[in-house]
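A.B. asks: First, the structure itself, so that you have it in front of you.
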Amino acid sequence: MTHPVRYSIIPKDPAAHLFEVTLTVEAPDPAGQRFVLPAWIPGSYMIREFARNIVRIAAVANGRKVALKKTDKHSWQAGRCEGPLVLTYEVYAWDLSVRTAHLDQTHAFFNGTSVFLRVTGQEQAPHEVDIRRPEGGEYAGWRVATALPELDAERYGFGRYAAADYDELIDHPVELGGFALATFKAHGVPHDVVITGQVPRLDMARLCADLKKVCDAQIRLFEPDSRRAPMKRYVFMTLAVGDGYGGLEHRASTALICSRADLPVQGKKEMTDGYRTYLGLCSHEYFHTWNVKRIKPAAFAPYDLQNEGYTSLLWLFEGFTSYYDDLMLVRAGLIAEADYFKLLAKTANGVLRGSGRTRQSVAESSFDAWVKYYRQDENAPNAIVSYYAKGSLVALGLDLTIRAASGGKKSLDDVMRALWQRYGRDFYGTGEGAGRGLGESDAEALFEEVSGVSLKRFFDRYIRGTDDVPLDKLLAPFGVTVADKRRNGNPSLGVRTTKEGSDCKLANVYEGGAAHRAGLSALDLLVAVDGLRVTATNLDTLMSRYSVGDTVTVHAFRRDELMVFSATLTPDEAPQVTLTSEMKPAAMARLRSAWLA
Ligand code: ZN
């Protein structure tokens with residue numbers, strides 16, 4: 001029989017942000033067991049080298065020390081020994097993000113990719129983890145939130161949890177602490193809502209009611225007949241902070257960070273921008289339960305967590321998820337159609353702002369995510385396009401194209417269901433479809449087959465090519481008018497600025513704008529325009545006295561050297577897209593309500 005790989009983890013020294021992990025291998029490789037920590041975490045496409053946070057490590061077998069040799073930055077090789085081999089190591093956890101691990105006196109959070117060394121050759125064995133309460137009376141009230149199945153622990157209790165294999169073990173983040181907790185059911189499946197951090201007067205009942213609408217709608221989208229969710233239970237775990245935003249998807253849970261102010265307050269019923277943003281984030285990560293955690297690119301089936309996983313399909317896995325996140329809010333009745341159009345306009349404005357969209361397609365952006373999208377520098381607007389934002393416009397464009405061409409009979413929903421049935425539903429099963437990923441060139445044929453619409457031109461222009469998705473043409477049959485009012489714009493330097501103390505720093509210099517032509521550079525500190533001081537907040541006011549075509553003298557510091565530039569002001573190129581819907585003929589209204597209702 002296969003022995004389970006057994007871990008225990010305890011927040012050993014919260015003040016020093018140290019977890020202690022022990023790992024027991026009953027039958028280590030007789031040639032010398034290797035241990036490896038992942039270099040990246042699925043869902044966040046950047047090499048992060050988590051092993052750098054292991055600060056102490058030792059191995060023992062049968063009461064005797066076993067030599068451990070570091071063989072590369074992620075890996076250790078134990079000397080030959082008979083089992084059981086026990087590793088003990090400390091992990092420094094002080095990164096307040098959803099991607100790694102964080103520990104102090106107020107809570108503990110970890111992803112398995114940060115704390116559980118992989119036992120090479122035993123990845124397919126069952127894995128167990130004993131999650132232990134930190135020592136000290138102040139931790140008596142702590143509970144455990146995770147979607148890991150319990151072995152002998154009670155729900156929310158400390159004790160042993162189980163995973164079928166290493167891949168599952170590291171796909172269930174864990175939160176420990178005195179969090180707020182509530183549960184609702186979506187099509188029969190329990191969903192936990194866990195909120196960590198101080199949130200006065202949190203309206204948990206409203207949060208559960210609203211999330212239930214989103215979850216119900218998504219389950220129905222993928223399984224309209226059976227209404228079967230893909231997991232036995234689900235956990236939304238949120239860390240509320242003063243200012244923050246982020247999320248990471250997992251197969252039966254999501255870890256989120258949000259601003260405290262975004263969460264609903266008891267007695268206040270309005271839909272704030274912040275709460276809509278938070279619900280959109282929850283909707284996004286929940287949609288990933290199907291799209292990327294089960295429907296996966298072949299490059300992630302299985303993941304190679306030591307090296308970059310190259311795929312040109314993130315426009316589908318992130319872009320489509322970004323399209324459906326807000327769409328599900330309007331379909332679930334949480335936001336109005338007019339609000340949805342404002343969100344679409346905002347996305348379009350973001351995509352159209354930079355000339356990088358003419359240099360990089362969403363397929364290329366996907367492939368290079370590791371070194372470009374995830375490692376953006378000051379030149380990003382001129383060099384890259386977001387596979388999230390343009391990918392969501394591609395999804396919108398495909399949805400509208402299919403709906404219009406099929407007279408409303410087919411839509412992107414049918415495409416998603418076909419992807420689900422062929423790749424997702426059995427991904428974690430044991431049948432023929434288990435572990436099967438979507439090939440790099442399989443999407444186009446599948447989309448055409450399911451929709452009955454020829455899409456080669458669409459793929460050539462907007463996915464493999466860099467053309468702008470023509471929202472005006474695509475939305476016209478739905479009675480939605482698109483306008484861009486940017487040409488009425490004010491005179492501008494063609495820059496994005498940030499505050500640097502009380503000074504004004506150039507964050508981005510847009511290609512072709514006045515600043516670029518004058519020779520100003522990103523990171524330059526603006527000092528004066530025509531002899532008047534520029535502060536962190538007054539550049540627009542200064543500019544408003546000029547007209548397009550006027551030439552101004554700009555003083556700026558580059559590092560510590562004062563430089564003088566002559567800039568001829570250009571029209572503000574920031575796009576001002578608006579979407580307005582009119583009550584057009586009945587056919588249009590029918591198409592639109594099939595799309596949004
Ligand atoms: Zn995502």
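To be explicit about the labels: the chains of the structure tokens are called A, B, and onward in the order shown, and within each one the residues are counted from 1, while ligands get numbers from 1 in the order they are shown.
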Which parts of stretch 176-358 of chain A does DSSP call alpha helix (DSSP H) when run on the backbone here, written out as a count of residues only?
C.D. replies: 64
A.B. asks: So which residues are near ligand 1, meaning at most 8 Å away with only C-alpha atoms and all ligand atoms counted, given back as a ChimeraX atom specification?
C.D. replies: /A:43,247-249,284-285,288,317-319,321-322,388
A.B. asks: Just the selected residues (N, CA, C and O atoms), exported as a PDB file, in the first residue's frame, please.
C.D. replies:
ATOM      1  N   GLY A  43      -2.230  30.481 -11.246  1.00  0.00           N
ATOM      2  CA  GLY A  43      -3.104  31.651 -11.240  1.00  0.00           C
ATOM      3  C   GLY A  43      -2.334  32.955 -11.228  1.00  0.00           C
ATOM      4  O   GLY A  43      -2.888  34.007 -11.520  1.00  0.00           O
ATOM      5  N   GLY A 247      -7.055  38.819  -5.867  1.00  0.00           N
ATOM      6  CA  GLY A 247      -7.688  37.525  -5.647  1.00  0.00           C
ATOM      7  C   GLY A 247      -6.928  36.440  -6.368  1.00  0.00           C
ATOM      8  O   GLY A 247      -6.195  36.713  -7.319  1.00  0.00           O
ATOM      9  N   LEU A 248      -7.061  35.229  -5.862  1.00  0.00           N
ATOM     10  CA  LEU A 248      -6.448  34.090  -6.528  1.00  0.00           C
ATOM     11  C   LEU A 248      -7.422  32.924  -6.462  1.00  0.00           C
ATOM     12  O   LEU A 248      -8.006  32.653  -5.415  1.00  0.00           O
ATOM     13  N   GLU A 249      -7.584  32.257  -7.606  1.00  0.00           N
ATOM     14  CA  GLU A 249      -8.576  31.199  -7.733  1.00  0.00           C
ATOM     15  C   GLU A 249      -7.996  29.843  -7.351  1.00  0.00           C
ATOM     16  O   GLU A 249      -6.807  29.589  -7.573  1.00  0.00           O
ATOM     17  N   HIS A 284     -15.429  36.901 -10.418  1.00  0.00           N
ATOM     18  CA  HIS A 284     -14.288  36.532 -11.267  1.00  0.00           C
ATOM     19  C   HIS A 284     -13.645  35.233 -10.767  1.00  0.00           C
ATOM     20  O   HIS A 284     -13.487  34.270 -11.512  1.00  0.00           O
ATOM     21  N   GLU A 285     -13.287  35.224  -9.490  1.00  0.00           N
ATOM     22  CA  GLU A 285     -12.577  34.053  -8.960  1.00  0.00           C
ATOM     23  C   GLU A 285     -13.485  32.822  -8.957  1.00  0.00           C
ATOM     24  O   GLU A 285     -13.026  31.697  -9.169  1.00  0.00           O
ATOM     25  N   HIS A 288     -13.592  31.101 -12.275  1.00  0.00           N
ATOM     26  CA  HIS A 288     -12.385  30.299 -12.492  1.00  0.00           C
ATOM     27  C   HIS A 288     -12.553  28.863 -11.988  1.00  0.00           C
ATOM     28  O   HIS A 288     -11.791  27.986 -12.383  1.00  0.00           O
ATOM     29  N   PHE A 317      -8.658  32.207 -20.743  1.00  0.00           N
ATOM     30  CA  PHE A 317      -8.834  31.820 -19.333  1.00  0.00           C
ATOM     31  C   PHE A 317      -8.978  33.038 -18.417  1.00  0.00           C
ATOM     32  O   PHE A 317      -9.763  32.997 -17.477  1.00  0.00           O
ATOM     33  N   GLU A 318      -8.259  34.118 -18.697  1.00  0.00           N
ATOM     34  CA  GLU A 318      -8.431  35.336 -17.898  1.00  0.00           C
ATOM     35  C   GLU A 318      -9.379  36.333 -18.550  1.00  0.00           C
ATOM     36  O   GLU A 318     -10.179  36.965 -17.868  1.00  0.00           O
ATOM     37  N   GLY A 319      -9.274  36.481 -19.865  1.00  0.00           N
ATOM     38  CA  GLY A 319     -10.116  37.461 -20.555  1.00  0.00           C
ATOM     39  C   GLY A 319     -11.596  37.085 -20.498  1.00  0.00           C
ATOM     40  O   GLY A 319     -12.445  37.917 -20.178  1.00  0.00           O
ATOM     41  N   THR A 321     -12.979  35.123 -18.352  1.00  0.00           N
ATOM     42  CA  THR A 321     -13.399  35.210 -16.939  1.00  0.00           C
ATOM     43  C   THR A 321     -13.672  36.665 -16.569  1.00  0.00           C
ATOM     44  O   THR A 321     -14.630  36.957 -15.851  1.00  0.00           O
ATOM     45  N   SER A 322     -12.857  37.586 -17.104  1.00  0.00           N
ATOM     46  CA  SER A 322     -13.090  39.010 -16.848  1.00  0.00           C
ATOM     47  C   SER A 322     -14.381  39.487 -17.522  1.00  0.00           C
ATOM     48  O   SER A 322     -15.060  40.374 -17.000  1.00  0.00           O
ATOM     49  N   TYR A 388      -6.233  40.385 -19.904  1.00  0.00           N
ATOM     50  CA  TYR A 388      -7.473  40.511 -19.114  1.00  0.00           C
ATOM     51  C   TYR A 388      -8.448  41.458 -19.818  1.00  0.00           C
ATOM     52  O   TYR A 388      -9.563  41.094 -20.153  1.00  0.00           O
TER      53      TYR A 388
END
A.B. asks: List every residue of stretch 243-308 of chain A that has an atom at most 12 Å from any atom of stretch 190-212 of chain A, giving for each one its closest atom pair and the distance in Å to one decimal, counting only C-alpha atoms, sorted by chain and then by ascending residue number, as a tab-separated table.
C.D. replies:
residue	atom	partner	partner_atom	distance
A:Ala252	CA	A:His191	CA	9.5
A:Ser253	CA	A:His191	CA	9.0
A:Thr254	CA	A:Val193	CA	10.2
A:Ala255	CA	A:Val194	CA	9.7
A:Leu256	CA	A:Ile195	CA	9.5
A:Ile257	CA	A:Thr196	CA	9.5
A:Cys258	CA	A:Ile195	CA	10.1
A:Ser259	CA	A:Val199	CA	9.9
A:Arg260	CA	A:Val199	CA	6.2
A:Ala261	CA	A:Val199	CA	8.4
A:Asp262	CA	A:Val199	CA	10.1
A:Leu263	CA	A:Leu202	CA	6.9
A:Pro264	CA	A:Asp203	CA	5.3
A:Val265	CA	A:Asp203	CA	5.0
A:Gln266	CA	A:Asp203	CA	4.5
A:Gly267	CA	A:Asp203	CA	7.9
A:Lys268	CA	A:Asp203	CA	8.7
A:Lys269	CA	A:Arg206	CA	8.7
A:Glu270	CA	A:Arg206	CA	11.1
A:Met271	CA	A:Asp210	CA	11.0
A:Tyr275	CA	A:Leu207	CA	9.5
A:Arg276	CA	A:Asp210	CA	10.5
A:Tyr278	CA	A:Leu207	CA	10.2
A:Leu279	CA	A:Leu211	CA	7.3
A:Gly280	CA	A:Leu211	CA	10.0
A:Leu281	CA	A:Leu211	CA	10.9
A:Cys282	CA	A:Leu211	CA	7.8
A:Ser283	CA	A:Leu211	CA	8.0
A:His284	CA	A:Leu211	CA	11.7
A:Glu285	CA	A:Leu211	CA	11.9
A:Tyr286	CA	A:Leu211	CA	9.9
A.B. asks: Take the residues just selected and output them with N, CA and C atoms as a compact mmCIF listing (two decimals), in the first residue's frame.
C.D. replies:
# COMPACT_ATOMS: atom_id res chain seq x y z
N ALA A 252 -11.72 24.87 -5.14
CA ALA A 252 -12.93 24.89 -4.30
C ALA A 252 -12.90 26.07 -3.34
N SER A 253 -12.10 27.08 -3.64
CA SER A 253 -12.04 28.25 -2.77
C SER A 253 -11.36 29.39 -3.51
N THR A 254 -11.40 30.56 -2.90
CA THR A 254 -10.61 31.67 -3.42
C THR A 254 -10.09 32.47 -2.24
N ALA A 255 -8.89 33.01 -2.39
CA ALA A 255 -8.32 33.92 -1.40
C ALA A 255 -8.37 35.32 -1.98
N LEU A 256 -8.93 36.26 -1.21
CA LEU A 256 -9.16 37.61 -1.70
C LEU A 256 -8.58 38.62 -0.72
N ILE A 257 -8.17 39.77 -1.24
CA ILE A 257 -7.84 40.93 -0.41
C ILE A 257 -8.69 42.07 -0.91
N CYS A 258 -9.33 42.80 0.00
CA CYS A 258 -10.11 43.96 -0.43
C CYS A 258 -9.93 45.09 0.56
N SER A 259 -10.39 46.27 0.15
CA SER A 259 -10.42 47.41 1.06
C SER A 259 -11.63 47.25 1.97
N ARG A 260 -11.39 47.50 3.23
CA ARG A 260 -12.47 47.41 4.23
C ARG A 260 -13.70 48.18 3.78
N ALA A 261 -13.46 49.36 3.19
CA ALA A 261 -14.57 50.24 2.80
C ALA A 261 -15.43 49.63 1.69
N ASP A 262 -14.92 48.61 1.01
CA ASP A 262 -15.70 47.99 -0.07
C ASP A 262 -16.78 47.05 0.46
N LEU A 263 -16.65 46.61 1.70
CA LEU A 263 -17.59 45.62 2.22
C LEU A 263 -18.86 46.30 2.73
N PRO A 264 -20.01 45.64 2.60
CA PRO A 264 -21.29 46.29 2.92
C PRO A 264 -21.45 46.55 4.43
N VAL A 265 -22.15 47.63 4.73
CA VAL A 265 -22.37 48.07 6.11
C VAL A 265 -23.83 47.83 6.47
N GLN A 266 -24.06 47.31 7.68
CA GLN A 266 -25.44 47.10 8.15
C GLN A 266 -26.23 48.40 8.06
N GLY A 267 -27.43 48.31 7.55
CA GLY A 267 -28.32 49.47 7.51
C GLY A 267 -28.13 50.36 6.29
N LYS A 268 -27.08 50.10 5.48
CA LYS A 268 -26.87 50.91 4.27
C LYS A 268 -27.04 50.01 3.06
N LYS A 269 -28.05 50.30 2.26
CA LYS A 269 -28.43 49.34 1.23
C LYS A 269 -27.93 49.69 -0.17
N GLU A 270 -27.33 50.87 -0.35
CA GLU A 270 -26.98 51.25 -1.72
C GLU A 270 -25.82 50.39 -2.24
N MET A 271 -25.74 50.32 -3.59
CA MET A 271 -24.64 49.61 -4.24
C MET A 271 -23.52 50.61 -4.52
N TYR A 275 -18.32 48.21 -3.38
CA TYR A 275 -18.96 46.90 -3.18
C TYR A 275 -19.17 46.19 -4.52
N ARG A 276 -19.50 46.96 -5.54
CA ARG A 276 -19.64 46.36 -6.88
C ARG A 276 -18.30 45.78 -7.32
N TYR A 278 -15.94 44.66 -5.37
CA TYR A 278 -15.69 43.46 -4.58
C TYR A 278 -16.52 42.28 -5.11
N LEU A 279 -17.80 42.53 -5.39
CA LEU A 279 -18.63 41.44 -5.93
C LEU A 279 -18.10 40.98 -7.29
N GLY A 280 -17.60 41.92 -8.09
CA GLY A 280 -17.01 41.56 -9.38
C GLY A 280 -15.79 40.67 -9.20
N LEU A 281 -14.98 40.97 -8.17
CA LEU A 281 -13.80 40.15 -7.87
C LEU A 281 -14.21 38.74 -7.44
N CYS A 282 -15.20 38.66 -6.55
CA CYS A 282 -15.71 37.34 -6.12
C CYS A 282 -16.24 36.56 -7.32
N SER A 283 -17.01 37.25 -8.17
CA SER A 283 -17.58 36.62 -9.35
C SER A 283 -16.48 36.10 -10.27
N HIS A 284 -15.43 36.90 -10.42
CA HIS A 284 -14.29 36.53 -11.27
C HIS A 284 -13.64 35.23 -10.77
N GLU A 285 -13.29 35.22 -9.49
CA GLU A 285 -12.58 34.05 -8.96
C GLU A 285 -13.48 32.82 -8.96
N TYR A 286 -14.77 33.03 -8.72
CA TYR A 286 -15.70 31.89 -8.70
C TYR A 286 -15.83 31.29 -10.11
A.B. asks: At a cut-off of 12 Å, using only C-alpha atoms, what residues contact A:Asp414? Leave out same-chain residues fewer than 3 positions from it and give the result as a PyMOL selection string.
C.D. replies: chain A and resi 221-224+398-399+402-403+406+408-411+417-421+446-452
A.B. asks: Residues of stretch 177-281 of chain A that approach stretch 138-147 of chain A to 8 Å or less, counting only C-alpha atoms: could you list each one with the shortest pair of atoms and its distance in Å to one decimal, rows by chain and increasing residue number, as a tab-separated table?
C.D. replies:
residue	atom	partner	partner_atom	distance
A:Gly177	CA	A:Trp142	CA	4.3
A:Gly178	CA	A:Trp142	CA	4.9
A:Phe179	CA	A:Arg143	CA	7.7
A:Val194	CA	A:Ala145	CA	7.4
A:Arg233	CA	A:Ala147	CA	6.9
A:Tyr234	CA	A:Ala147	CA	6.3
A:Val235	CA	A:Ala147	CA	6.1
A:Met237	CA	A:Ala145	CA	7.7
A:Ala252	CA	A:Ala147	CA	6.0
A:Ser253	CA	A:Ala147	CA	6.2
A.B. asks: Selection from above, all heavy atoms, as a PDB file, in the first residue's frame, can you write it?
C.D. replies:
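The resulting out.pdb:
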ATOM      1  N   GLY A 177      -7.525  31.950  12.368  1.00  0.00           N
ATOM      2  CA  GLY A 177      -7.706  33.187  13.120  1.00  0.00           C
ATOM      3  C   GLY A 177      -9.106  33.298  13.691  1.00  0.00           C
ATOM      4  O   GLY A 177      -9.869  32.327  13.716  1.00  0.00           O
ATOM      5  N   GLY A 178      -9.426  34.487  14.134  1.00  0.00           N
ATOM      6  CA  GLY A 178     -10.742  34.734  14.733  1.00  0.00           C
ATOM      7  C   GLY A 178     -11.671  35.405  13.749  1.00  0.00           C
ATOM      8  O   GLY A 178     -12.342  36.373  14.073  1.00  0.00           O
ATOM      9  N   PHE A 179     -11.731  34.908  12.547  1.00  0.00           N
ATOM     10  CA  PHE A 179     -12.471  35.530  11.440  1.00  0.00           C
ATOM     11  C   PHE A 179     -13.987  35.485  11.643  1.00  0.00           C
ATOM     12  O   PHE A 179     -14.502  34.676  12.398  1.00  0.00           O
ATOM     13  CB  PHE A 179     -12.112  34.830  10.123  1.00  0.00           C
ATOM     14  CG  PHE A 179     -12.065  33.327  10.217  1.00  0.00           C
ATOM     15  CD1 PHE A 179     -13.225  32.565  10.288  1.00  0.00           C
ATOM     16  CD2 PHE A 179     -10.835  32.664  10.255  1.00  0.00           C
ATOM     17  CE1 PHE A 179     -13.172  31.181  10.373  1.00  0.00           C
ATOM     18  CE2 PHE A 179     -10.773  31.274  10.348  1.00  0.00           C
ATOM     19  CZ  PHE A 179     -11.945  30.533  10.407  1.00  0.00           C
ATOM     20  N   VAL A 194     -15.717  33.908   4.673  1.00  0.00           N
ATOM     21  CA  VAL A 194     -14.788  34.108   5.780  1.00  0.00           C
ATOM     22  C   VAL A 194     -14.162  35.493   5.620  1.00  0.00           C
ATOM     23  O   VAL A 194     -13.584  35.790   4.580  1.00  0.00           O
ATOM     24  CB  VAL A 194     -13.686  33.017   5.739  1.00  0.00           C
ATOM     25  CG1 VAL A 194     -12.578  33.323   6.725  1.00  0.00           C
ATOM     26  CG2 VAL A 194     -14.294  31.638   5.985  1.00  0.00           C
ATOM     27  N   ARG A 233     -17.976  21.652  -1.571  1.00  0.00           N
ATOM     28  CA  ARG A 233     -18.197  22.884  -0.814  1.00  0.00           C
ATOM     29  C   ARG A 233     -17.220  23.928  -1.333  1.00  0.00           C
ATOM     30  O   ARG A 233     -16.290  23.591  -2.081  1.00  0.00           O
ATOM     31  CB  ARG A 233     -18.023  22.671   0.700  1.00  0.00           C
ATOM     32  CG  ARG A 233     -16.668  22.163   1.128  1.00  0.00           C
ATOM     33  CD  ARG A 233     -16.630  21.900   2.633  1.00  0.00           C
ATOM     34  NE  ARG A 233     -16.537  23.118   3.405  1.00  0.00           N
ATOM     35  CZ  ARG A 233     -15.463  23.484   4.131  1.00  0.00           C
ATOM     36  NH1 ARG A 233     -14.389  22.700   4.167  1.00  0.00           N
ATOM     37  NH2 ARG A 233     -15.443  24.604   4.814  1.00  0.00           N
ATOM     38  N   TYR A 234     -17.473  25.191  -0.961  1.00  0.00           N
ATOM     39  CA  TYR A 234     -16.648  26.272  -1.492  1.00  0.00           C
ATOM     40  C   TYR A 234     -16.399  27.275  -0.382  1.00  0.00           C
ATOM     41  O   TYR A 234     -17.257  27.482   0.482  1.00  0.00           O
ATOM     42  CB  TYR A 234     -17.357  26.954  -2.668  1.00  0.00           C
ATOM     43  CG  TYR A 234     -16.460  27.917  -3.429  1.00  0.00           C
ATOM     44  CD1 TYR A 234     -15.664  27.467  -4.479  1.00  0.00           C
ATOM     45  CD2 TYR A 234     -16.408  29.262  -3.092  1.00  0.00           C
ATOM     46  CE1 TYR A 234     -14.822  28.336  -5.160  1.00  0.00           C
ATOM     47  CE2 TYR A 234     -15.574  30.139  -3.769  1.00  0.00           C
ATOM     48  CZ  TYR A 234     -14.785  29.669  -4.809  1.00  0.00           C
ATOM     49  OH  TYR A 234     -13.950  30.526  -5.480  1.00  0.00           O
ATOM     50  N   VAL A 235     -15.203  27.889  -0.387  1.00  0.00           N
ATOM     51  CA  VAL A 235     -14.868  28.885   0.635  1.00  0.00           C
ATOM     52  C   VAL A 235     -14.390  30.185  -0.041  1.00  0.00           C
ATOM     53  O   VAL A 235     -13.426  30.169  -0.808  1.00  0.00           O
ATOM     54  CB  VAL A 235     -13.763  28.372   1.588  1.00  0.00           C
ATOM     55  CG1 VAL A 235     -13.486  29.418   2.674  1.00  0.00           C
ATOM     56  CG2 VAL A 235     -14.156  27.044   2.222  1.00  0.00           C
ATOM     57  N   MET A 237     -12.521  33.255   1.044  1.00  0.00           N
ATOM     58  CA  MET A 237     -11.794  33.829   2.188  1.00  0.00           C
ATOM     59  C   MET A 237     -11.239  35.199   1.813  1.00  0.00           C
ATOM     60  O   MET A 237     -10.535  35.350   0.820  1.00  0.00           O
ATOM     61  CB  MET A 237     -10.713  32.884   2.713  1.00  0.00           C
ATOM     62  CG  MET A 237      -9.791  32.288   1.706  1.00  0.00           C
ATOM     63  SD  MET A 237      -8.598  31.172   2.497  1.00  0.00           S
ATOM     64  CE  MET A 237      -9.543  29.668   2.611  1.00  0.00           C
ATOM     65  N   ALA A 252     -11.723  24.865  -5.143  1.00  0.00           N
ATOM     66  CA  ALA A 252     -12.926  24.890  -4.304  1.00  0.00           C
ATOM     67  C   ALA A 252     -12.903  26.073  -3.339  1.00  0.00           C
ATOM     68  O   ALA A 252     -13.592  26.048  -2.325  1.00  0.00           O
ATOM     69  CB  ALA A 252     -13.060  23.581  -3.530  1.00  0.00           C
ATOM     70  N   SER A 253     -12.100  27.076  -3.640  1.00  0.00           N
ATOM     71  CA  SER A 253     -12.038  28.249  -2.769  1.00  0.00           C
ATOM     72  C   SER A 253     -11.355  29.385  -3.514  1.00  0.00           C
ATOM     73  O   SER A 253     -10.812  29.195  -4.612  1.00  0.00           O
ATOM     74  CB  SER A 253     -11.264  27.931  -1.478  1.00  0.00           C
ATOM     75  OG  SER A 253      -9.947  27.509  -1.769  1.00  0.00           O
TER      76      SER A 253
END
A.B. asks: Name all residues at most 10 Å from A:Val119 (count only C-alpha atoms; drop same-chain ones fewer than 6 positions away) and give them as a VMD selection string.
C.D. replies: chain A and resid 5 23 to 25 28 to 29 33 to 37 125 166
A.B. asks: Let's see if you can do this: from backbone DSSP, list all strand (DSSP E or B) residues in stretch 36-244 of chain A, as a PyMOL selection string.
C.D. replies: chain A and resi 36+41+44+54-61+64-66+68-72+75-78+85-92+94+101-103+107-110+118-119+127-131+143-145+150+159-163+174-177+180-186+189-196+202+234-241
A.B. asks: Keeping C-alpha atoms, export the residues of the selection given above as a tab-separated table (two decimals), in the first residue's frame.
C.D. replies:
chain	number	residue	atom	x	y	z
A	36	VAL	CA	11.31	20.65	-3.99
A	41	ILE	CA	1.67	29.48	-7.78
A	44	SER	CA	-0.22	34.09	-10.84
A	54	ILE	CA	12.70	28.65	4.08
A	55	VAL	CA	15.09	29.87	6.78
A	56	ARG	CA	16.08	26.66	8.56
A	57	ILE	CA	15.78	23.01	7.57
A	58	ALA	CA	16.98	19.71	9.04
A	59	ALA	CA	16.33	16.00	8.46
A	60	VAL	CA	16.24	13.07	10.88
A	61	ALA	CA	15.70	9.32	10.40
A	64	ARG	CA	19.90	10.22	13.58
A	65	LYS	CA	20.58	13.34	11.63
A	66	VAL	CA	20.45	12.94	7.86
A	68	LEU	CA	20.60	17.59	3.39
A	69	LYS	CA	22.30	19.07	0.34
A	70	LYS	CA	20.87	22.08	-1.47
A	71	THR	CA	20.98	21.21	-5.18
A	72	ASP	CA	19.35	24.32	-6.67
A	75	SER	CA	15.56	21.77	-4.03
A	76	TRP	CA	17.18	19.69	-1.30
A	77	GLN	CA	18.65	16.21	-1.57
A	78	ALA	CA	18.65	14.02	1.56
A	85	LEU	CA	12.52	10.34	7.16
A	86	VAL	CA	11.38	13.46	9.00
A	87	LEU	CA	12.11	16.96	7.73
A	88	THR	CA	11.60	19.96	9.99
A	89	TYR	CA	11.77	23.45	8.54
A	90	GLU	CA	10.77	27.03	9.22
A	91	VAL	CA	9.06	29.28	6.70
A	92	TYR	CA	9.15	33.05	6.98
A	94	TRP	CA	5.34	38.13	5.97
A	101	ALA	CA	1.88	33.25	3.29
A	102	HIS	CA	1.34	35.74	6.11
A	103	LEU	CA	1.52	35.28	9.87
A	107	HIS	CA	-4.11	35.68	11.87
A	108	ALA	CA	-2.26	33.14	9.77
A	109	PHE	CA	-2.67	32.49	6.06
A	110	PHE	CA	-0.78	30.15	3.80
A	118	ARG	CA	7.07	18.29	-2.68
A	119	VAL	CA	8.40	14.76	-2.09
A	127	HIS	CA	-1.24	13.70	1.38
A	128	GLU	CA	-2.24	14.64	4.93
A	129	VAL	CA	-1.66	17.78	6.93
A	130	ASP	CA	-2.11	18.26	10.67
A	131	ILE	CA	-2.94	21.94	11.14
A	143	ARG	CA	-10.50	28.52	13.89
A	144	VAL	CA	-9.48	27.00	10.55
A	145	ALA	CA	-10.96	27.98	7.19
A	150	GLU	CA	-11.22	17.01	6.92
A	159	GLY	CA	-6.54	18.71	13.31
A	160	ARG	CA	-5.84	16.56	10.30
A	161	TYR	CA	-6.93	17.34	6.74
A	162	ALA	CA	-6.48	15.19	3.64
A	163	ALA	CA	-5.75	15.59	-0.06
A	174	VAL	CA	-5.74	27.95	4.64
A	175	GLU	CA	-6.76	30.82	6.91
A	176	LEU	CA	-6.36	30.61	10.71
A	177	GLY	CA	-7.71	33.19	13.12
A	180	ALA	CA	-16.13	36.33	10.82
A	181	LEU	CA	-17.90	33.38	9.23
A	182	ALA	CA	-21.24	32.74	7.53
A	183	THR	CA	-22.53	30.02	5.21
A	184	PHE	CA	-25.08	29.92	2.41
A	185	LYS	CA	-26.08	27.23	-0.05
A	186	ALA	CA	-25.98	27.56	-3.83
A	189	VAL	CA	-23.67	23.17	-2.04
A	190	PRO	CA	-22.46	24.94	1.14
A	191	HIS	CA	-20.44	28.11	0.54
A	192	ASP	CA	-18.49	29.68	3.42
A	193	VAL	CA	-17.82	33.40	3.60
A	194	VAL	CA	-14.79	34.11	5.78
A	195	ILE	CA	-13.77	37.69	6.55
A	196	THR	CA	-10.46	38.39	8.32
A	202	LEU	CA	-20.21	44.22	8.45
A	234	TYR	CA	-16.65	26.27	-1.49
A	235	VAL	CA	-14.87	28.88	0.64
A	236	PHE	CA	-14.60	32.63	-0.11
A	237	MET	CA	-11.79	33.83	2.19
A	238	THR	CA	-11.25	37.58	2.31
A	239	LEU	CA	-8.64	39.64	4.11
A	240	ALA	CA	-10.03	43.15	4.62
A	241	VAL	CA	-7.34	45.85	4.85
A.B. asks: For A:Thr578, list every protein, DNA or RNA residue within 12 Å, evaluated using only C-alpha atoms, and leave out those in the same chain fewer than 4 positions away; present the list as a list in words.
C.D. replies: Ala338, Asp339, Tyr340, Phe341, Lys342, Leu343, Leu344, Ala345, Lys346, Thr347, Ala348, Asn349, Leu471, Asp472, Val480, Thr481, Val482, Ala483, Asp484, Lys485 and Arg486 of chain A
A.B. asks: Grab the atom CA of A:Met543 to atom CA of A:Pro381 distance for me, in Å with one decimal place.
C.D. replies: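 Distance between the two atoms: 22.4 Å.
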A.B. asks: For stretch 455-513 of chain A versus stretch 519-529 of chain A, which residues have an atom no more than 9 Å away, and what is each residue's nearest atom pair and distance in Å rounded to one decimal, using only C-alpha atoms, chain-then-number order, as a tab-separated table?
C.D. replies:
residue	atom	partner	partner_atom	distance
A:Val495	CA	A:Ala522	CA	8.4
A:Arg496	CA	A:Ala522	CA	8.9
A:Thr497	CA	A:Ala522	CA	8.9
A:Glu500	CA	A:Leu525	CA	8.3
A:Asp503	CA	A:Leu525	CA	7.0
A:Cys504	CA	A:Leu526	CA	5.6
A:Lys505	CA	A:Leu525	CA	4.5
A:Leu506	CA	A:Ala522	CA	5.0
A:Ala507	CA	A:Ala522	CA	5.4
A:Asn508	CA	A:Ala522	CA	5.2
A:Val509	CA	A:Ala522	CA	5.5
